[in-house]
Amino acid sequence: MTADAFIHLPELRTRVTHPEKSRLRLTPEMFAMWEQRVREAGWPADWRLSDEVIEASRLAVLGDHSAGCDLWIYCYGSLMWDPGFHFAEVRLADVEGYQRRFTLKINLGRGSHDYPALMLSLEPQQGRCHGLAFRIAAASVQTETAILWRREMLRGGYAPAMVPMLTPQGPIEALAFVSNPSHPSYVGELPLAETARLIASGKGILGTNREYLVQLAMQLDALGIQDPYVEQLHAEIGATPGT
């Protein structure tokens, strides 16, 4: 991160994990450690997409990205407090026609076979999603997006796309990990009570699903972002016993 990365949002300096301290900065070395843990937990060799498929996915989206140009990454979930990649600037960013929703049912990360979890996706819906956009400097785009792709596209749960958005400093186009309804993990938007129940009980090698929702609610609150869906879920899990 550059010295002035937080020039627009100085309050985030202590609320964003430094990439080098992130457990989710999936360099080859960090990824090898996580993969060993997954194998020890009994997962088969094909538990994830191959390195070749992951890289092909990245190049399919970013292959036309001009060398020498910076790249914006849109963040609406855990990337808002733990991006895991080096960035030169962060801004508030709004995406028209999308909403964050817990529509991916997972049994890895913050879920397991016995205690599945729900993870966020960016759903095409009426309204506007309020989040953050992080700018990766041109010289770091290839290295940092390769690290990011291992995290977000490990099992192909999203459909990465370049999406126009608004920031207080002007319009930008950013990479966003949008929902992929054709993926086996996609369950769509469930009733609020069922969503809260799964989040309250989900847990895995990365921690609990409840912790994820609490961190999300806290980061949105710190940024002054109101998201009625997240606020309702946060209130709901407060009344729902964890497992």
# chains A, B, ... in the order shown; residues from 1 in each chain; ligands from 1
call {"tool": "closest_atom_pairs", "arguments": {"of": "region 68-132 of chain A", "to": "region 185-205 of chain A", "cutoff": "8 Å", "atoms": "only C-alpha atoms", "output": "CSV"}}
result
residue,atom,partner,partner_atom,distance
A:Arg101,CA,A:Glu189,CA,6.7
A:Phe102,CA,A:Glu189,CA,6.6
A:Thr103,CA,A:Gly188,CA,4.6
A:Leu104,CA,A:Tyr186,CA,4.6
A:Lys105,CA,A:Ser185,CA,5.3
A:Ile106,CA,A:Ser185,CA,6.3
A:Asn107,CA,A:Gly204,CA,7.5
A:Leu108,CA,A:Gly204,CA,6.1
A:Gly109,CA,A:Gly204,CA,5.3
A:Arg110,CA,A:Gly204,CA,4.3
A:Gly111,CA,A:Gly204,CA,4.3
A:Ser112,CA,A:Gly204,CA,5.1
A:Tyr115,CA,A:Gly202,CA,4.7
A:Pro116,CA,A:Gly202,CA,5.0
A:Ala117,CA,A:Gly202,CA,4.4
A:Leu118,CA,A:Ile199,CA,6.2
call {"tool": "select_by_dssp", "arguments": {"residues": "region 87-241 of chain A", "states": "strand (DSSP E)", "output": "count of residues only"}}
result
62
call {"tool": "residues_around", "arguments": {"residues": "Tyr98 (chain A)", "least_positions_apart": "4", "cutoff": "7 Å", "atoms": "only C-alpha atoms", "output": "list in words"}}
result
Leu122, Glu123, Pro124, Gln125, Gln126, Gly127, Arg128 and Cys129 of chain A
call {"tool": "write_last_selection", "arguments": {"atoms": "all heavy atoms", "output": "compact mmCIF listing (two decimals), in the first residue's frame"}}
result
# COMPACT_ATOMS: atom_id res chain seq x y z
N LEU A 122 -22.66 -10.72 -5.48
CA LEU A 122 -23.20 -9.46 -5.97
C LEU A 122 -24.30 -9.79 -6.97
O LEU A 122 -24.03 -10.31 -8.06
CB LEU A 122 -22.09 -8.63 -6.62
CG LEU A 122 -22.40 -7.17 -6.94
CD1 LEU A 122 -22.71 -6.39 -5.67
CD2 LEU A 122 -21.23 -6.53 -7.68
N GLU A 123 -25.54 -9.54 -6.56
CA GLU A 123 -26.71 -9.96 -7.33
C GLU A 123 -27.30 -8.82 -8.16
O GLU A 123 -27.49 -7.72 -7.64
CB GLU A 123 -27.80 -10.48 -6.38
CG GLU A 123 -27.41 -11.72 -5.61
CD GLU A 123 -27.27 -12.94 -6.50
OE1 GLU A 123 -28.03 -13.06 -7.48
OE2 GLU A 123 -26.40 -13.77 -6.21
N PRO A 124 -27.62 -9.09 -9.42
CA PRO A 124 -28.33 -8.09 -10.22
C PRO A 124 -29.73 -7.87 -9.63
O PRO A 124 -30.56 -8.77 -9.66
CB PRO A 124 -28.41 -8.73 -11.61
CG PRO A 124 -27.38 -9.81 -11.62
CD PRO A 124 -27.31 -10.30 -10.21
N GLN A 125 -29.94 -6.74 -9.04
CA GLN A 125 -31.22 -6.40 -8.43
C GLN A 125 -31.41 -4.89 -8.52
O GLN A 125 -30.45 -4.13 -8.63
CB GLN A 125 -31.28 -6.82 -6.95
CG GLN A 125 -31.40 -8.32 -6.73
CD GLN A 125 -31.77 -8.64 -5.29
OE1 GLN A 125 -32.22 -7.78 -4.54
NE2 GLN A 125 -31.58 -9.88 -4.89
N GLN A 126 -32.66 -4.48 -8.40
CA GLN A 126 -32.96 -3.05 -8.42
C GLN A 126 -32.32 -2.37 -7.21
O GLN A 126 -32.27 -2.93 -6.12
CB GLN A 126 -34.47 -2.83 -8.39
CG GLN A 126 -34.89 -1.39 -8.57
CD GLN A 126 -36.40 -1.24 -8.66
OE1 GLN A 126 -37.13 -2.20 -8.46
NE2 GLN A 126 -36.87 -0.04 -8.96
N GLY A 127 -31.82 -1.18 -7.44
CA GLY A 127 -31.19 -0.44 -6.35
C GLY A 127 -29.71 -0.23 -6.59
O GLY A 127 -29.24 -0.26 -7.73
N ARG A 128 -28.99 -0.04 -5.51
CA ARG A 128 -27.58 0.30 -5.60
C ARG A 128 -26.82 -0.36 -4.46
O ARG A 128 -27.27 -0.33 -3.32
CB ARG A 128 -27.42 1.82 -5.56
CG ARG A 128 -26.01 2.34 -5.65
CD ARG A 128 -25.97 3.85 -5.66
NE ARG A 128 -26.49 4.40 -6.92
CZ ARG A 128 -26.49 5.69 -7.21
NH1 ARG A 128 -26.02 6.58 -6.33
NH2 ARG A 128 -26.94 6.13 -8.36
N CYS A 129 -25.68 -0.95 -4.77
CA CYS A 129 -24.82 -1.55 -3.74
C CYS A 129 -23.71 -0.57 -3.40
O CYS A 129 -23.01 -0.07 -4.28
CB CYS A 129 -24.22 -2.87 -4.23
SG CYS A 129 -23.25 -3.74 -2.98
call {"tool": "residues_around", "arguments": {"residues": "Ala88 (chain A)", "least_positions_apart": "3", "cutoff": "12 Å", "atoms": "only C-alpha atoms", "output": "compact mmCIF listing (two decimals) with N, CA, C and O atoms, in the first residue's frame"}}
result
# COMPACT_ATOMS: atom_id res chain seq x y z
N MET A 1 0.84 -1.20 0.00
CA MET A 1 0.00 0.00 0.00
C MET A 1 0.87 1.25 0.00
O MET A 1 1.89 1.29 0.69
N THR A 2 0.50 2.24 -0.78
CA THR A 2 1.25 3.48 -0.80
C THR A 2 0.87 4.34 0.40
O THR A 2 -0.16 4.12 1.04
N ALA A 3 1.70 5.33 0.68
CA ALA A 3 1.51 6.15 1.88
C ALA A 3 0.17 6.88 1.88
O ALA A 3 -0.42 7.11 2.94
N ASP A 4 -0.30 7.26 0.70
CA ASP A 4 -1.53 8.04 0.63
C ASP A 4 -2.72 7.20 0.17
O ASP A 4 -3.71 7.74 -0.33
N ALA A 5 -2.67 5.89 0.31
CA ALA A 5 -3.75 5.02 -0.16
C ALA A 5 -5.08 5.37 0.49
O ALA A 5 -6.14 5.19 -0.10
N PHE A 6 -5.03 5.89 1.71
CA PHE A 6 -6.25 6.19 2.47
C PHE A 6 -6.58 7.69 2.47
O PHE A 6 -7.28 8.16 3.37
N ILE A 7 -6.10 8.40 1.48
CA ILE A 7 -6.29 9.85 1.47
C ILE A 7 -7.77 10.25 1.49
O ILE A 7 -8.15 11.25 2.09
N HIS A 8 -8.62 9.45 0.86
CA HIS A 8 -10.05 9.75 0.84
C HIS A 8 -10.80 9.21 2.05
O HIS A 8 -11.86 9.73 2.41
N ASP A 70 -3.70 1.25 -14.35
CA ASP A 70 -4.12 0.76 -13.05
C ASP A 70 -5.41 -0.05 -13.19
O ASP A 70 -6.10 0.01 -14.22
N LEU A 71 -5.76 -0.79 -12.14
CA LEU A 71 -6.98 -1.59 -12.16
C LEU A 71 -7.72 -1.40 -10.84
O LEU A 71 -7.14 -1.52 -9.76
N TRP A 72 -9.02 -1.09 -10.93
CA TRP A 72 -9.86 -0.97 -9.75
C TRP A 72 -10.52 -2.31 -9.43
O TRP A 72 -10.95 -3.03 -10.34
N ILE A 73 -10.62 -2.64 -8.14
CA ILE A 73 -11.30 -3.84 -7.67
C ILE A 73 -12.46 -3.41 -6.79
O ILE A 73 -12.27 -2.68 -5.80
N PHE A 85 -4.53 -7.90 -1.14
CA PHE A 85 -3.68 -7.45 -2.24
C PHE A 85 -3.20 -6.03 -1.95
O PHE A 85 -3.83 -5.27 -1.22
N ARG A 91 -11.52 4.06 -2.37
CA ARG A 91 -12.62 5.02 -2.41
C ARG A 91 -13.93 4.32 -2.04
O ARG A 91 -14.07 3.10 -2.21
N ALA A 133 -13.90 0.59 -3.55
CA ALA A 133 -13.10 0.27 -4.72
C ALA A 133 -11.63 0.52 -4.37
O ALA A 133 -11.29 1.59 -3.86
N PHE A 134 -10.82 -0.50 -4.58
CA PHE A 134 -9.38 -0.41 -4.33
C PHE A 134 -8.65 -0.36 -5.67
O PHE A 134 -8.91 -1.18 -6.56
N ARG A 135 -7.71 0.56 -5.79
CA ARG A 135 -6.94 0.69 -7.04
C ARG A 135 -5.59 0.00 -6.91
O ARG A 135 -4.79 0.33 -6.03
N ILE A 136 -5.33 -0.94 -7.82
CA ILE A 136 -4.04 -1.60 -7.89
C ILE A 136 -3.19 -0.86 -8.92
O ILE A 136 -3.63 -0.63 -10.05
N ALA A 137 -1.98 -0.48 -8.53
CA ALA A 137 -1.09 0.23 -9.45
C ALA A 137 -0.73 -0.64 -10.64
O ALA A 137 -0.62 -1.87 -10.52
N ALA A 138 -0.54 -0.01 -11.78
CA ALA A 138 -0.32 -0.73 -13.03
C ALA A 138 0.79 -1.78 -12.93
O ALA A 138 0.63 -2.91 -13.42
N ALA A 139 1.89 -1.43 -12.30
CA ALA A 139 3.03 -2.34 -12.23
C ALA A 139 2.73 -3.61 -11.43
O ALA A 139 3.43 -4.62 -11.56
N SER A 140 1.67 -3.56 -10.61
CA SER A 140 1.35 -4.69 -9.73
C SER A 140 0.12 -5.48 -10.17
O SER A 140 -0.24 -6.46 -9.53
N VAL A 141 -0.53 -5.05 -11.25
CA VAL A 141 -1.81 -5.66 -11.63
C VAL A 141 -1.70 -7.17 -11.85
O VAL A 141 -2.52 -7.94 -11.32
N GLU A 144 -0.82 -9.05 -8.42
CA GLU A 144 -1.85 -8.97 -7.39
C GLU A 144 -3.16 -9.63 -7.81
O GLU A 144 -3.85 -10.22 -6.98
call {"tool": "closest_residue", "arguments": {"among": "A:Pro181, A:Gly42, A:Pro164, A:Gly131", "to": "Asp227 (chain A)", "atoms": "only C-alpha atoms"}}
result
A:Gly131
call {"tool": "closest_residue", "arguments": {"among": "A:Phe87, A:Arg48, A:Met162, A:Thr208", "to": "Trp34 (chain A)", "atoms": "only C-alpha atoms"}}
result
A:Arg48
call {"tool": "closest_residue", "arguments": {"among": "A:Gly68, A:Pro28, A:Val214, A:Leu220", "to": "Leu233 (chain A)", "atoms": "only C-alpha atoms"}}
result
A:Val214
call {"tool": "decode", "arguments": {"residues": "region 67-79 of chain A", "atoms": "N, CA and C atoms", "output": "PDB file, in the first residue's frame"}}
result
ATOM      1  N   ALA A  67      -1.555  -2.773 -20.610  1.00  0.00           N
ATOM      2  CA  ALA A  67      -0.345  -2.672 -19.796  1.00  0.00           C
ATOM      3  C   ALA A  67      -0.094  -1.196 -19.501  1.00  0.00           C
ATOM      4  N   GLY A  68       0.334  -0.914 -18.289  1.00  0.00           N
ATOM      5  CA  GLY A  68       0.594   0.467 -17.904  1.00  0.00           C
ATOM      6  C   GLY A  68      -0.614   1.169 -17.326  1.00  0.00           C
ATOM      7  N   CYS A  69      -1.756   0.439 -17.212  1.00  0.00           N
ATOM      8  CA  CYS A  69      -2.964   1.026 -16.641  1.00  0.00           C
ATOM      9  C   CYS A  69      -3.268   0.413 -15.278  1.00  0.00           C
ATOM     10  N   ASP A  70      -3.703   1.250 -14.351  1.00  0.00           N
ATOM     11  CA  ASP A  70      -4.125   0.759 -13.046  1.00  0.00           C
ATOM     12  C   ASP A  70      -5.412  -0.049 -13.188  1.00  0.00           C
ATOM     13  N   LEU A  71      -5.757  -0.793 -12.143  1.00  0.00           N
ATOM     14  CA  LEU A  71      -6.985  -1.589 -12.158  1.00  0.00           C
ATOM     15  C   LEU A  71      -7.723  -1.398 -10.844  1.00  0.00           C
ATOM     16  N   TRP A  72      -9.016  -1.095 -10.930  1.00  0.00           N
ATOM     17  CA  TRP A  72      -9.856  -0.974  -9.752  1.00  0.00           C
ATOM     18  C   TRP A  72     -10.521  -2.314  -9.433  1.00  0.00           C
ATOM     19  N   ILE A  73     -10.620  -2.638  -8.144  1.00  0.00           N
ATOM     20  CA  ILE A  73     -11.300  -3.843  -7.670  1.00  0.00           C
ATOM     21  C   ILE A  73     -12.465  -3.413  -6.786  1.00  0.00           C
ATOM     22  N   TYR A  74     -13.675  -3.880  -7.117  1.00  0.00           N
ATOM     23  CA  TYR A  74     -14.837  -3.542  -6.299  1.00  0.00           C
ATOM     24  C   TYR A  74     -14.972  -4.557  -5.163  1.00  0.00           C
ATOM     25  N   CYS A  75     -15.189  -4.051  -3.949  1.00  0.00           N
ATOM     26  CA  CYS A  75     -15.247  -4.902  -2.766  1.00  0.00           C
ATOM     27  C   CYS A  75     -16.540  -4.652  -2.000  1.00  0.00           C
ATOM     28  N   TYR A  76     -17.279  -5.722  -1.739  1.00  0.00           N
ATOM     29  CA  TYR A  76     -18.569  -5.585  -1.057  1.00  0.00           C
ATOM     30  C   TYR A  76     -18.714  -6.531   0.130  1.00  0.00           C
ATOM     31  N   GLY A  77     -17.737  -7.429   0.333  1.00  0.00           N
ATOM     32  CA  GLY A  77     -17.752  -8.365   1.450  1.00  0.00           C
ATOM     33  C   GLY A  77     -16.442  -8.305   2.211  1.00  0.00           C
ATOM     34  N   SER A  78     -15.822  -9.466   2.432  1.00  0.00           N
ATOM     35  CA  SER A  78     -14.607  -9.513   3.246  1.00  0.00           C
ATOM     36  C   SER A  78     -13.439  -8.741   2.642  1.00  0.00           C
ATOM     37  N   LEU A  79     -13.453  -8.523   1.332  1.00  0.00           N
ATOM     38  CA  LEU A  79     -12.394  -7.723   0.720  1.00  0.00           C
ATOM     39  C   LEU A  79     -12.408  -6.291   1.239  1.00  0.00           C
TER      40      LEU A  79
END
